[in-house]
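Engineer: Got a structure for you, data.cif, holding mmCIF, C-alpha atoms and all ligand atoms.
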```cif
data_data
#
loop_
_atom_site.label_atom_id
_atom_site.label_comp_id
_atom_site.auth_asym_id
_atom_site.auth_seq_id
_atom_site.Cartn_x
_atom_site.Cartn_y
_atom_site.Cartn_z
CA ASN J 243 87.88 -29.91 17.88
CA LEU J 244 85.40 -32.47 16.59
CA LEU J 245 83.35 -31.41 13.59
CA PHE J 246 80.49 -33.08 11.78
CA SER J 247 79.12 -31.76 8.49
CA ARG J 248 76.62 -32.91 5.93
CA ALA J 249 74.70 -31.70 2.87
CA LEU J 250 70.91 -31.47 3.39
CA GLU J 251 69.31 -31.65 -0.04
CA ASN J 252 65.75 -30.82 1.03
CA GLU J 253 63.48 -30.06 3.98
CA ASP J 254 63.00 -33.77 4.77
CA ALA J 255 66.76 -34.22 5.08
CA THR J 256 66.88 -31.35 7.59
CA VAL J 257 64.11 -32.92 9.69
CA ALA J 258 65.86 -36.32 9.50
CA MET J 259 69.12 -34.72 10.68
CA GLY J 260 67.20 -33.23 13.63
CA ARG J 261 65.81 -36.66 14.49
CA GLN J 262 69.31 -38.10 14.39
CA LEU J 263 70.42 -35.42 16.83
CA ALA J 264 67.46 -36.28 19.06
CA ASP J 265 68.71 -39.87 19.27
CA VAL J 266 71.96 -38.76 20.90
CA LEU J 267 70.49 -35.86 22.90
CA HIS J 268 67.99 -37.58 25.16
CA LEU J 269 70.25 -37.00 28.19
CA GLY J 270 70.26 -33.25 27.66
CA GLY J 271 72.47 -30.60 26.13
CA VAL J 272 72.68 -26.99 24.99
CA ILE J 273 72.65 -26.36 21.25
CA TYR J 274 73.33 -23.05 19.56
CA LEU J 275 71.78 -22.77 16.09
CA LYS J 276 73.29 -20.18 13.78
CA GLY J 277 72.57 -19.26 10.18
CA ASP J 278 70.74 -16.69 8.04
CA LEU J 279 66.96 -16.30 8.01
CA GLY J 280 65.50 -19.31 6.21
CA ALA J 281 68.62 -21.43 6.62
CA GLY J 282 66.59 -24.20 8.25
CA LYS J 283 67.16 -23.65 11.99
CA THR J 284 63.51 -24.05 12.97
CA THR J 285 63.10 -27.03 10.61
CA LEU J 286 66.05 -28.76 12.30
CA SER J 287 64.55 -27.91 15.71
CA ARG J 288 61.29 -29.55 14.62
CA GLY J 289 63.19 -32.78 13.89
CA ILE J 290 64.86 -32.67 17.31
CA VAL J 291 61.64 -31.93 19.22
CA GLN J 292 59.59 -34.55 17.37
CA GLY J 293 62.46 -37.04 17.59
CA LEU J 294 62.36 -36.68 21.37
CA GLY J 295 58.69 -37.62 21.42
CA HIS J 296 56.58 -34.51 20.75
CA THR J 297 53.74 -35.41 18.40
CA GLY J 298 52.18 -31.98 17.78
CA LYS J 299 53.29 -28.94 15.85
CA VAL J 300 56.54 -27.10 16.40
CA LYS J 301 56.04 -23.34 16.21
CA SER J 302 58.80 -20.83 15.73
CA PRO J 303 59.32 -19.00 19.05
CA THR J 304 60.12 -15.77 17.21
CA TYR J 305 57.54 -13.70 19.12
CA THR J 306 57.43 -15.64 22.39
CA LEU J 307 61.25 -16.01 22.76
CA VAL J 308 60.78 -19.53 24.14
CA GLU J 309 58.56 -22.50 23.35
CA PRO J 310 58.53 -25.21 26.04
CA TYR J 311 58.01 -28.94 25.41
CA GLU J 312 57.73 -30.80 28.68
CA LEU J 313 57.75 -34.41 27.49
CA GLU J 314 57.73 -37.76 29.24
CA ARG J 315 61.41 -38.42 28.59
CA VAL J 316 62.87 -34.92 28.68
CA ASN J 317 62.13 -31.21 28.90
CA ILE J 318 63.01 -29.16 25.84
CA TYR J 319 63.17 -25.37 25.66
CA HIS J 320 63.39 -23.92 22.16
CA PHE J 321 64.51 -20.28 22.06
CA ASP J 322 64.62 -17.79 19.21
CA LEU J 323 66.40 -14.60 20.25
CA TYR J 324 66.09 -12.87 16.85
CA ARG J 325 63.69 -10.19 18.08
CA LEU J 326 65.37 -9.67 21.44
CA GLY J 327 66.12 -6.00 21.97
CA ASP J 328 68.32 -5.95 25.03
CA PRO J 329 69.95 -9.15 26.30
CA GLU J 330 69.17 -8.00 29.85
CA GLU J 331 65.55 -9.00 29.14
CA LEU J 332 66.82 -12.57 29.41
CA GLU J 333 67.74 -11.89 33.01
CA TYR J 334 64.19 -10.67 33.76
CA MET J 335 62.62 -13.77 32.22
CA GLY J 336 64.83 -15.96 34.41
CA ILE J 337 66.61 -17.54 31.49
CA ARG J 338 69.09 -19.49 33.60
CA ASP J 339 66.29 -21.48 35.24
CA TYR J 340 65.58 -23.12 31.88
CA PHE J 341 69.10 -24.50 31.62
CA SER J 342 69.83 -27.62 33.65
CA PRO J 343 72.11 -30.55 32.76
CA GLU J 344 69.27 -32.93 31.92
CA THR J 345 67.34 -30.44 29.78
CA VAL J 346 67.62 -29.95 26.02
CA CYS J 347 67.95 -26.25 25.20
CA ILE J 348 67.97 -25.17 21.55
CA VAL J 349 68.86 -21.52 20.91
CA GLU J 350 68.36 -19.82 17.53
CA TRP J 351 70.29 -16.52 17.17
CA PRO J 352 72.40 -17.11 20.31
CA ASP J 353 74.62 -14.12 19.48
CA LYS J 354 71.75 -11.83 20.55
CA GLY J 355 72.06 -13.19 24.08
CA THR J 356 75.83 -13.20 24.47
CA GLY J 357 76.83 -13.04 28.12
CA PHE J 358 73.34 -13.97 29.35
CA ILE J 359 72.98 -17.57 28.21
CA PRO J 360 75.08 -20.60 29.19
CA LYS J 361 77.78 -21.86 26.84
CA PRO J 362 76.73 -24.56 24.34
CA ASP J 363 77.71 -28.21 24.09
CA LEU J 364 77.19 -28.09 20.32
CA ALA J 365 77.38 -25.11 17.96
CA ILE J 366 75.48 -25.72 14.72
CA GLU J 367 75.82 -23.59 11.59
CA MET J 368 73.35 -23.92 8.75
CA ARG J 369 73.93 -22.33 5.37
CA TYR J 370 72.46 -22.10 1.92
CA VAL J 371 74.03 -24.09 -0.91
CA GLY J 372 71.93 -23.10 -3.91
CA ASP J 373 68.39 -24.16 -3.00
CA ALA J 374 69.64 -26.78 -0.55
CA ARG J 375 71.40 -26.41 2.79
CA GLU J 376 74.50 -27.59 4.59
CA ILE J 377 74.97 -28.23 8.28
CA ALA J 378 78.19 -28.06 10.30
CA ILE J 379 78.17 -29.16 13.91
CA SER J 380 81.09 -28.48 16.24
CA ALA J 381 81.69 -29.62 19.79
CA CYS J 382 82.15 -26.91 22.43
CA SER J 383 82.44 -29.11 25.54
CA SER J 384 83.45 -32.64 26.48
CA ARG J 385 79.76 -33.52 26.48
CA GLY J 386 79.49 -32.07 22.98
CA GLN J 387 82.45 -34.21 21.87
CA GLU J 388 80.67 -37.33 23.13
CA LEU J 389 77.52 -36.29 21.27
CA ILE J 390 79.42 -35.92 17.99
CA GLU J 391 81.20 -39.25 18.52
CA LYS J 392 77.79 -40.89 18.92
CA LEU J 393 76.50 -39.11 15.78
CA GLN J 394 79.41 -40.49 13.79
CA SER J 395 79.04 -44.08 15.01
P1 LIG X 401 65.16 -20.50 9.93
O1 LIG X 401 64.57 -20.98 11.23
O2 LIG X 401 66.64 -20.74 9.85
O3 LIG X 401 64.82 -19.08 9.62
P2 LIG X 401 63.30 -22.37 8.66
O4 LIG X 401 63.60 -23.64 9.36
O5 LIG X 401 62.10 -21.63 9.09
O6 LIG X 401 64.58 -21.39 8.74
O7 LIG X 401 63.29 -22.77 7.14
C1 LIG X 401 62.97 -21.88 6.10
C2 LIG X 401 62.62 -22.69 4.88
O8 LIG X 401 63.68 -23.53 4.46
C3 LIG X 401 61.41 -23.61 5.09
O9 LIG X 401 60.51 -23.34 4.05
C4 LIG X 401 61.98 -25.01 4.95
O10 LIG X 401 61.06 -25.87 4.33
C5 LIG X 401 63.18 -24.79 4.07
N1 LIG X 401 64.22 -25.82 4.22
C6 LIG X 401 64.66 -26.38 5.36
N2 LIG X 401 65.68 -27.25 5.12
C7 LIG X 401 65.88 -27.24 3.78
C8 LIG X 401 66.81 -27.93 2.91
N3 LIG X 401 67.73 -28.80 3.38
N4 LIG X 401 66.74 -27.67 1.59
C9 LIG X 401 65.85 -26.77 1.11
N5 LIG X 401 64.94 -26.11 1.87
C10 LIG X 401 64.97 -26.32 3.20
MG MG X 402 63.69 -19.90 12.84
#
```
If you convert what's in this file into C-alpha cells, what do you get?
Structural biologist:
Amino acid sequence: NLLFSRALENEDATVAMGRQLADVLHLGGVIYLKGDLGAGKTTLSRGIVQGLGHTGKVKSPTYTLVEPYELERVNIYHFDLYRLGDPEELEYMGIRDYFSPETVCIVEWPDKGTGFIPKPDLAIEMRYVGDAREIAISACSSRGQELIEKLQS
C-alpha cells in the first residue's frame, strides 16, 4: 500500500501541502481526513479548496455538515461530521448525491459516518508533533495509488 508522509512545521506548510494535493486532485477523488481536534484538517482543506481555484474564505463546516464550492474547474464538497449525532442523518440529507467520480469530496471525522459514506481514495492522518504537525497519506483505491504516485513525482 502506497504511503506518503511529511513533517509540516507550521500552518503555511499545511496550506502548501493542501495546494500540492489540489494539483493532483483536479479530476476528482474522495479524501478522508482524520486526526485530533486542532490537528490541521481544516487548514489542509483550505489549501486544497484554494488550490483548486476558490478565492474566498474557507469556513469549517462543523455546524453545517457540508460546505459546497462549485468552481469553474470542479465541484468540491467539504464535510465535517464531528457533530453528527446519528449517521442515518446522512441518508436524509442525500449524502450519496454529493459523491460522483469527478467531484472532490473531503470528509473530516469520517468515522462518524461509517457505513453511510463512500469509501475513500486517500486516507489522510494528521497528528501533533510538539507544536508542529505531521501528515500521512495512504492510498485506498487504484485511483488513490495514482494520486500518490503523482504527489511523489
Ligand atoms: P482541525 O480542523 O483538525 O480541528 P484546524 O485546521 O482548524 O484543525 O487547525 C487548528 C490550528 O492548527 C490552527 O490554528 C492552525 O493555524 C494550526 N496549524 C495548522 N497546521 C499547523 C502546523 N503544521 N503547525 C502548527 N500549527 C498548525
Ligand atoms: Mg476542522
Engineer: Taking all atoms listed in the file and a cut-off of 9 Å, can you tell me which residues surround ligand LIG 401 (chain X), written as a VMD selection string?
Structural biologist: chain J and resid 249 to 257 275 to 288 302 322 350 368 to 377
Engineer: Draw an axis-aligned box over all listed atoms of stretch 281-287 of chain J, pad each side with 4 Å, and write its centre and edge lengths in Å, one decimal, as JSON.
Structural biologist:
```
{"center_x": 65.9, "center_y": -25.1, "center_z": 11.2, "size_x": 13.5, "size_y": 15.3, "size_z": 17.1}
```
Engineer: With distances taken over only C-alpha atoms and all ligand atoms, which of J:Ile337, J:Ile379, J:Leu364, J:Leu307 is nearest to ligand MG 402 (chain X)?
Structural biologist: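 When distances to ligand MG 402 (chain X) are compared using only C-alpha atoms and all ligand atoms, the smallest one comes from J:Leu307.
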Engineer: Which one is closest to ligand MG 402 (chain X): J:Cys347, J:Leu323, J:Ile366, J:Ala381? Count all atoms listed in the file.
Structural biologist: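 Among the listed residues, J:Leu323 lies closest to ligand MG 402 (chain X).
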Engineer: Which residue is closest to ligand MG 402 (chain X)? Choose from J:Trp351, J:Phe341, J:Phe246, J:Tyr311 and count only C-alpha atoms and all ligand atoms.
Structural biologist: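 That would be J:Trp351, the residue with the smallest distance to ligand MG 402 (chain X).
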